[in-house]
Amino acid sequence: MMPDLGKYWLEVSASYGVSLAILGGLVLLILRRSRQVRLQLAEMEARRTRREAADG
Amino acid sequence: MIALFLRDLRLAIRAGGGFGLGLGFFLILAVLVPLGVGPEPQVLALIAPGILWVGALLACLLSLDRILALDWEDGSLDLLATAPIPLEGVVAAKAAAHWVTTGLPLTLAAPLLGVLLNLPAGAYGWLTLSLALGTPALSVIGTFGAALTVGLRRGGLLLSLLVLPLYVPTLIYGAELVKRGAADLSTATPLALLAGITLGAVALLPFASAAAIRINLR
Amino acid sequence: MSLWEYANPKKFMETSARIMPWAVGLASVTMVTGLVWGFFFTPDDFRQGSTVKIVFIHVPSAMMAINIWIMMLITSLIWLIRRHHVSALAAKAAAPIGLAMTVIALITGGLWGQPMWGTWWVWDPRLTSFLILCLFYIGYIALWQAIEDPDTAADLTAVLCLVGSVFALMSRYAVFFWSQGLHQGPSLSLQTGERMSHVFRYPLYLCMVAFGLFFLALLLIAVRTEIRARRIKALEARERMG
């Protein structure tokens, strides 16, 4: 299935490999931060409603 | 505005004001580069314009944060912002003082260092002209960077990171002017563009710098 | 239904939540299709050999590197003029993606030129311009990180983006002027003068669309994160006030 890349196999593979790695890393970082912030916000919102319920 | 200019001048020249710092650095660079690159005269002659220009750039960087940081720390920047002179004028005066204490001495010292770097004979005039035209831009652009980072405690490194890319056009045209002048090629384009950038920067950047200072003072 | 309605954070969250699955889905499909097509199903170029396959990554990423900066410029202007927080956050969120695209463009550009130049890097004017753009991105991101107050950070980075754009444009011309001294052959371009064969053109267009959608999807996620982060800061401030 792998095409015969000929004598430039290193350049082509490296291009695709490095680019996909960078894009993948970017996606992971963005998703990870998204998850962290979402969880932190949910926790703070929960604390807030608990406190308001206790005050009320 | 002139009073402000003179005051900044005096502050810079006093002991600890960093007046000689830029020059000293420039000299050190002119010594280090041949030590690193080898003493071969042809090689040095080729890279001399570039080295001198990069050296001027880096030497300018050294004293940039002083333009505003001291006034920020002791609160005088607040006072200057509310003074009757427009903040843009304040910024221009400070940039001018920076140029007189950094860019101008560099421009005058550069031919001497050119000797060390085996600068071709025809290039000396062009070197002085290009630095004279270009270093005011360096001061004005540097002042903009200082205005952006004035509120930060360790803003020095970030200041360099922000300002150096902005220096690229001036650097390219300045060094090209020297190289082409020395080779007797047409110098009209780099000369016009270098002067244009400096004029544009001097005219417009003080507004951006003032805006940045006002943002930081909020 | 003006575009300005989406400047409201709450409205933005609602709308982006609805668009998101489509954006992610389309981005994934086009990306996979485009890259698979380009990598596996295109022939070799008679001059460039298999390195022509690099074009399917290099060209779209280079385009995005520039387009993202332009988007940041526009959103910075909108922030400065109309004070829409979503706009400022969009610029902040876009920058790392733009930086990644610039780095990819640089690496693939160097690798693509290897057969032509024999080295992994050449100070070709286009590549050099991208290197300088990379520095602008880094400075912009660093300034956002360095400043505590979010509104101050938004303002200062917006001013930097404006001034930086002018200098980036000037640098581009300066670099072309600077490289005139290079007595070297072809610069990094596809085919000098000839139009690209449709065998390559169609997968390339697909990849260009794919990279654009990819940016859009990631941007939506990142802006939502920034809006949430801003809400966290607001809640923290309220908690501190007791």
# chains A, B, ... in the order shown; residues from 1 in each chain; ligands from 1
$ closest_atom_pairs --of "chain B" --to "chain C" --cutoff "8 Å" --atoms "only C-alpha atoms" --output "JSON lines"
{"residue": "B:Leu148", "atom": "CA", "partner": "C:Leu156", "partner_atom": "CA", "distance": 6.3}
{"residue": "B:Leu152", "atom": "CA", "partner": "C:Ile147", "partner_atom": "CA", "distance": 7.3}
{"residue": "B:Leu158", "atom": "CA", "partner": "C:Ala142", "partner_atom": "CA", "distance": 7.2}
{"residue": "B:Leu161", "atom": "CA", "partner": "C:Gly139", "partner_atom": "CA", "distance": 5.9}
{"residue": "B:Leu162", "atom": "CA", "partner": "C:Gly139", "partner_atom": "CA", "distance": 5.2}
{"residue": "B:Pro165", "atom": "CA", "partner": "C:Leu135", "partner_atom": "CA", "distance": 6.5}
{"residue": "B:Leu166", "atom": "CA", "partner": "C:Phe167", "partner_atom": "CA", "distance": 5.9}
{"residue": "B:Val168", "atom": "CA", "partner": "C:Ser171", "partner_atom": "CA", "distance": 6.3}
{"residue": "B:Pro169", "atom": "CA", "partner": "C:Ser171", "partner_atom": "CA", "distance": 5.1}
{"residue": "B:Ile172", "atom": "CA", "partner": "C:Ala174", "partner_atom": "CA", "distance": 6.4}
{"residue": "B:Tyr173", "atom": "CA", "partner": "C:Ala174", "partner_atom": "CA", "distance": 7.0}
{"residue": "B:Glu176", "atom": "CA", "partner": "C:Trp178", "partner_atom": "CA", "distance": 7.2}
{"residue": "B:Ala208", "atom": "CA", "partner": "C:Val159", "partner_atom": "CA", "distance": 7.1}
{"residue": "B:Ala212", "atom": "CA", "partner": "C:Leu156", "partner_atom": "CA", "distance": 6.2}
{"residue": "B:Ile215", "atom": "CA", "partner": "C:Thr152", "partner_atom": "CA", "distance": 6.3}
{"residue": "B:Asn216", "atom": "CA", "partner": "C:Thr152", "partner_atom": "CA", "distance": 6.8}
$ closest_atom_pairs --of "chain C" --to "chain A" --cutoff "10 Å" --atoms "only C-alpha atoms" --output "Markdown table"
| residue | atom | partner | partner_atom | distance |
| --- | --- | --- | --- | --- |
| C:Leu35 | CA | A:Tyr16 | CA | 9.1 |
| C:Phe39 | CA | A:Pro3 | CA | 8.0 |
| C:Phe40 | CA | A:Pro3 | CA | 6.0 |
| C:Phe41 | CA | A:Pro3 | CA | 8.3 |
| C:Thr42 | CA | A:Pro3 | CA | 9.2 |
| C:Pro43 | CA | A:Pro3 | CA | 9.2 |
| C:Asp44 | CA | A:Leu5 | CA | 8.2 |
| C:Gln48 | CA | A:Tyr8 | CA | 9.0 |
| C:Gly49 | CA | A:Tyr8 | CA | 7.2 |
| C:Ser50 | CA | A:Leu5 | CA | 5.4 |
| C:Thr51 | CA | A:Val12 | CA | 5.7 |
| C:Val52 | CA | A:Val12 | CA | 8.5 |
| C:Lys53 | CA | A:Val12 | CA | 6.9 |
| C:Ile54 | CA | A:Val12 | CA | 6.1 |
| C:Val55 | CA | A:Ser15 | CA | 9.7 |
| C:Phe56 | CA | A:Tyr16 | CA | 9.4 |
| C:Ile57 | CA | A:Tyr16 | CA | 7.5 |
| C:His58 | CA | A:Ser15 | CA | 8.6 |
| C:Ser61 | CA | A:Ser19 | CA | 9.4 |
| C:Ala93 | CA | A:Ile30 | CA | 9.4 |
| C:Pro96 | CA | A:Leu26 | CA | 8.1 |
| C:Ile97 | CA | A:Leu26 | CA | 7.3 |
| C:Ala100 | CA | A:Ile22 | CA | 6.8 |
| C:Met101 | CA | A:Leu23 | CA | 8.3 |
| C:Val103 | CA | A:Ile22 | CA | 8.6 |
| C:Ile104 | CA | A:Ser19 | CA | 5.7 |
| C:Ala105 | CA | A:Ser19 | CA | 8.7 |
| C:Ile107 | CA | A:Ser15 | CA | 7.1 |
| C:Thr108 | CA | A:Ser15 | CA | 5.3 |
| C:Gly109 | CA | A:Ser15 | CA | 8.8 |
| C:Gly110 | CA | A:Glu11 | CA | 9.2 |
| C:Leu111 | CA | A:Glu11 | CA | 5.4 |
| C:Trp112 | CA | A:Glu11 | CA | 6.9 |
| C:Gly113 | CA | A:Glu11 | CA | 9.3 |
| C:Gln114 | CA | A:Glu11 | CA | 7.6 |
| C:Pro115 | CA | A:Tyr8 | CA | 7.7 |
| C:Trp120 | CA | A:Glu11 | CA | 9.3 |
| C:Phe214 | CA | A:Leu23 | CA | 9.5 |
| C:Leu218 | CA | A:Val27 | CA | 7.2 |
| C:Leu219 | CA | A:Ile30 | CA | 9.2 |
| C:Ile221 | CA | A:Ser34 | CA | 7.2 |
| C:Ala222 | CA | A:Ile30 | CA | 6.3 |
| C:Val223 | CA | A:Ser34 | CA | 9.4 |
| C:Arg224 | CA | A:Ser34 | CA | 7.9 |
| C:Thr225 | CA | A:Ser34 | CA | 5.2 |
| C:Glu226 | CA | A:Ser34 | CA | 8.5 |
| C:Ile227 | CA | A:Val37 | CA | 9.7 |
| C:Arg228 | CA | A:Val37 | CA | 6.7 |
| C:Ala229 | CA | A:Val37 | CA | 6.2 |
| C:Arg230 | CA | A:Leu41 | CA | 9.9 |
| C:Arg231 | CA | A:Leu41 | CA | 7.7 |
| C:Ile232 | CA | A:Leu41 | CA | 5.9 |
| C:Lys233 | CA | A:Leu41 | CA | 9.6 |
| C:Leu235 | CA | A:Met44 | CA | 7.5 |
| C:Glu236 | CA | A:Met44 | CA | 8.4 |
| C:Glu239 | CA | A:Arg48 | CA | 8.7 |
$ atom_distance --atom1 "CA of Leu164 (chain B)" --atom2 "CA of Ile66 (chain C)"
20.0 Å
$ select_by_dssp --residues "region 74-187 of chain B" --states "helix (DSSP H, G or I)" --output "VMD selection string"
chain B and resid 76 to 82 87 to 116 123 to 149 155 to 182
$ write_last_selection --atoms "C-alpha atoms" --output "PDB file, in the first residue's frame"
ATOM      1  CA  SER B  76       6.782  59.972  37.344  1.00  0.00           C
ATOM      2  CA  LEU B  77       5.239  58.289  34.321  1.00  0.00           C
ATOM      3  CA  ASP B  78       1.798  58.902  35.813  1.00  0.00           C
ATOM      4  CA  LEU B  79       2.691  62.566  36.229  1.00  0.00           C
ATOM      5  CA  LEU B  80       4.073  62.824  32.721  1.00  0.00           C
ATOM      6  CA  ALA B  81       0.906  61.303  31.318  1.00  0.00           C
ATOM      7  CA  THR B  82      -1.187  64.008  32.923  1.00  0.00           C
ATOM      8  CA  LEU B  87       2.082  61.868  25.942  1.00  0.00           C
ATOM      9  CA  GLU B  88       3.171  61.408  22.331  1.00  0.00           C
ATOM     10  CA  GLY B  89       5.545  64.340  22.808  1.00  0.00           C
ATOM     11  CA  VAL B  90       6.870  62.803  26.002  1.00  0.00           C
ATOM     12  CA  VAL B  91       7.551  59.582  24.177  1.00  0.00           C
ATOM     13  CA  ALA B  92       9.262  61.392  21.316  1.00  0.00           C
ATOM     14  CA  ALA B  93      11.462  63.317  23.732  1.00  0.00           C
ATOM     15  CA  LYS B  94      12.457  60.130  25.508  1.00  0.00           C
ATOM     16  CA  ALA B  95      13.215  58.361  22.252  1.00  0.00           C
ATOM     17  CA  ALA B  96      15.319  61.346  21.186  1.00  0.00           C
ATOM     18  CA  ALA B  97      17.256  61.228  24.429  1.00  0.00           C
ATOM     19  CA  HIS B  98      17.809  57.509  23.923  1.00  0.00           C
ATOM     20  CA  TRP B  99      19.126  58.167  20.449  1.00  0.00           C
ATOM     21  CA  VAL B 100      21.527  60.857  21.580  1.00  0.00           C
ATOM     22  CA  THR B 101      22.914  58.603  24.284  1.00  0.00           C
ATOM     23  CA  THR B 102      22.965  55.364  22.317  1.00  0.00           C
ATOM     24  CA  GLY B 103      22.437  55.613  18.574  1.00  0.00           C
ATOM     25  CA  LEU B 104      24.516  58.703  18.021  1.00  0.00           C
ATOM     26  CA  PRO B 105      27.604  57.461  19.886  1.00  0.00           C
ATOM     27  CA  LEU B 106      27.308  54.144  18.033  1.00  0.00           C
ATOM     28  CA  THR B 107      27.178  55.939  14.710  1.00  0.00           C
ATOM     29  CA  LEU B 108      30.298  57.893  15.598  1.00  0.00           C
ATOM     30  CA  ALA B 109      32.165  54.894  16.982  1.00  0.00           C
ATOM     31  CA  ALA B 110      31.300  52.549  14.146  1.00  0.00           C
ATOM     32  CA  PRO B 111      34.010  53.687  11.717  1.00  0.00           C
ATOM     33  CA  LEU B 112      36.650  52.989  14.360  1.00  0.00           C
ATOM     34  CA  LEU B 113      35.310  49.510  14.854  1.00  0.00           C
ATOM     35  CA  GLY B 114      35.117  49.173  11.100  1.00  0.00           C
ATOM     36  CA  VAL B 115      38.881  49.354  11.095  1.00  0.00           C
ATOM     37  CA  LEU B 116      39.000  46.379  13.431  1.00  0.00           C
ATOM     38  CA  ALA B 123      32.256  51.758   2.910  1.00  0.00           C
ATOM     39  CA  TYR B 124      33.056  54.140   5.756  1.00  0.00           C
ATOM     40  CA  GLY B 125      30.983  57.009   4.505  1.00  0.00           C
ATOM     41  CA  TRP B 126      28.072  54.725   3.731  1.00  0.00           C
ATOM     42  CA  LEU B 127      28.374  53.116   7.143  1.00  0.00           C
ATOM     43  CA  THR B 128      28.073  56.429   8.919  1.00  0.00           C
ATOM     44  CA  LEU B 129      25.202  57.523   6.705  1.00  0.00           C
ATOM     45  CA  SER B 130      23.251  54.305   7.140  1.00  0.00           C
ATOM     46  CA  LEU B 131      23.685  54.271  10.899  1.00  0.00           C
ATOM     47  CA  ALA B 132      22.832  57.963  11.149  1.00  0.00           C
ATOM     48  CA  LEU B 133      19.641  57.343   9.206  1.00  0.00           C
ATOM     49  CA  GLY B 134      18.739  54.062  10.830  1.00  0.00           C
ATOM     50  CA  THR B 135      19.535  54.395  14.530  1.00  0.00           C
ATOM     51  CA  PRO B 136      16.733  56.934  15.182  1.00  0.00           C
ATOM     52  CA  ALA B 137      14.314  54.250  13.969  1.00  0.00           C
ATOM     53  CA  LEU B 138      15.901  51.823  16.404  1.00  0.00           C
ATOM     54  CA  SER B 139      15.306  54.230  19.271  1.00  0.00           C
ATOM     55  CA  VAL B 140      11.709  54.928  18.303  1.00  0.00           C
ATOM     56  CA  ILE B 141      10.862  51.270  17.731  1.00  0.00           C
ATOM     57  CA  GLY B 142      12.626  50.379  20.953  1.00  0.00           C
ATOM     58  CA  THR B 143      10.586  52.947  22.832  1.00  0.00           C
ATOM     59  CA  PHE B 144       7.446  51.273  21.505  1.00  0.00           C
ATOM     60  CA  GLY B 145       8.637  47.945  22.842  1.00  0.00           C
ATOM     61  CA  ALA B 146       9.475  49.549  26.167  1.00  0.00           C
ATOM     62  CA  ALA B 147       5.983  51.057  26.314  1.00  0.00           C
ATOM     63  CA  LEU B 148       4.415  47.633  25.779  1.00  0.00           C
ATOM     64  CA  THR B 149       6.439  45.995  28.533  1.00  0.00           C
ATOM     65  CA  GLY B 155      10.356  42.722  30.930  1.00  0.00           C
ATOM     66  CA  GLY B 156      13.870  42.903  29.492  1.00  0.00           C
ATOM     67  CA  LEU B 157      13.962  39.603  27.662  1.00  0.00           C
ATOM     68  CA  LEU B 158      10.427  39.926  26.383  1.00  0.00           C
ATOM     69  CA  LEU B 159      11.312  43.428  25.239  1.00  0.00           C
ATOM     70  CA  SER B 160      14.128  42.055  23.103  1.00  0.00           C
ATOM     71  CA  LEU B 161      11.884  39.329  21.710  1.00  0.00           C
ATOM     72  CA  LEU B 162       9.278  41.880  20.684  1.00  0.00           C
ATOM     73  CA  VAL B 163      11.607  44.526  19.340  1.00  0.00           C
ATOM     74  CA  LEU B 164      14.121  42.493  17.334  1.00  0.00           C
ATOM     75  CA  PRO B 165      11.656  41.339  14.656  1.00  0.00           C
ATOM     76  CA  LEU B 166      10.572  44.964  14.291  1.00  0.00           C
ATOM     77  CA  TYR B 167      14.190  45.869  13.614  1.00  0.00           C
ATOM     78  CA  VAL B 168      14.459  43.566  10.603  1.00  0.00           C
ATOM     79  CA  PRO B 169      13.569  46.014   7.803  1.00  0.00           C
ATOM     80  CA  THR B 170      15.917  48.703   9.154  1.00  0.00           C
ATOM     81  CA  LEU B 171      18.674  46.150   9.562  1.00  0.00           C
ATOM     82  CA  ILE B 172      18.285  44.789   6.050  1.00  0.00           C
ATOM     83  CA  TYR B 173      18.217  48.142   4.295  1.00  0.00           C
ATOM     84  CA  GLY B 174      20.923  49.612   6.514  1.00  0.00           C
ATOM     85  CA  ALA B 175      23.371  46.780   5.933  1.00  0.00           C
ATOM     86  CA  GLU B 176      22.514  46.605   2.230  1.00  0.00           C
ATOM     87  CA  LEU B 177      23.172  50.316   1.909  1.00  0.00           C
ATOM     88  CA  VAL B 178      26.684  49.876   3.252  1.00  0.00           C
ATOM     89  CA  LYS B 179      27.409  46.825   1.135  1.00  0.00           C
ATOM     90  CA  ARG B 180      26.139  48.342  -2.086  1.00  0.00           C
ATOM     91  CA  GLY B 181      27.785  51.662  -1.416  1.00  0.00           C
ATOM     92  CA  ALA B 182      31.102  49.953  -0.852  1.00  0.00           C
TER      93      ALA B 182
END
$ residues_around --residues "Pro41 (chain B)" --least-positions-apart "6" --cutoff "12 Å" --atoms "only C-alpha atoms" --output "list in words"
Pro34, Ile47, Ala48, Val115, Leu116, Leu117, Asn118, Leu119 and Pro120 of chain B
$ atom_distance --atom1 "CA of His198 (chain C)" --atom2 "CA of Thr33 (chain C)"
16.6 Å
$ atom_distance --atom1 "CA of Ala69 (chain B)" --atom2 "CA of Ile213 (chain B)"
11.0 Å
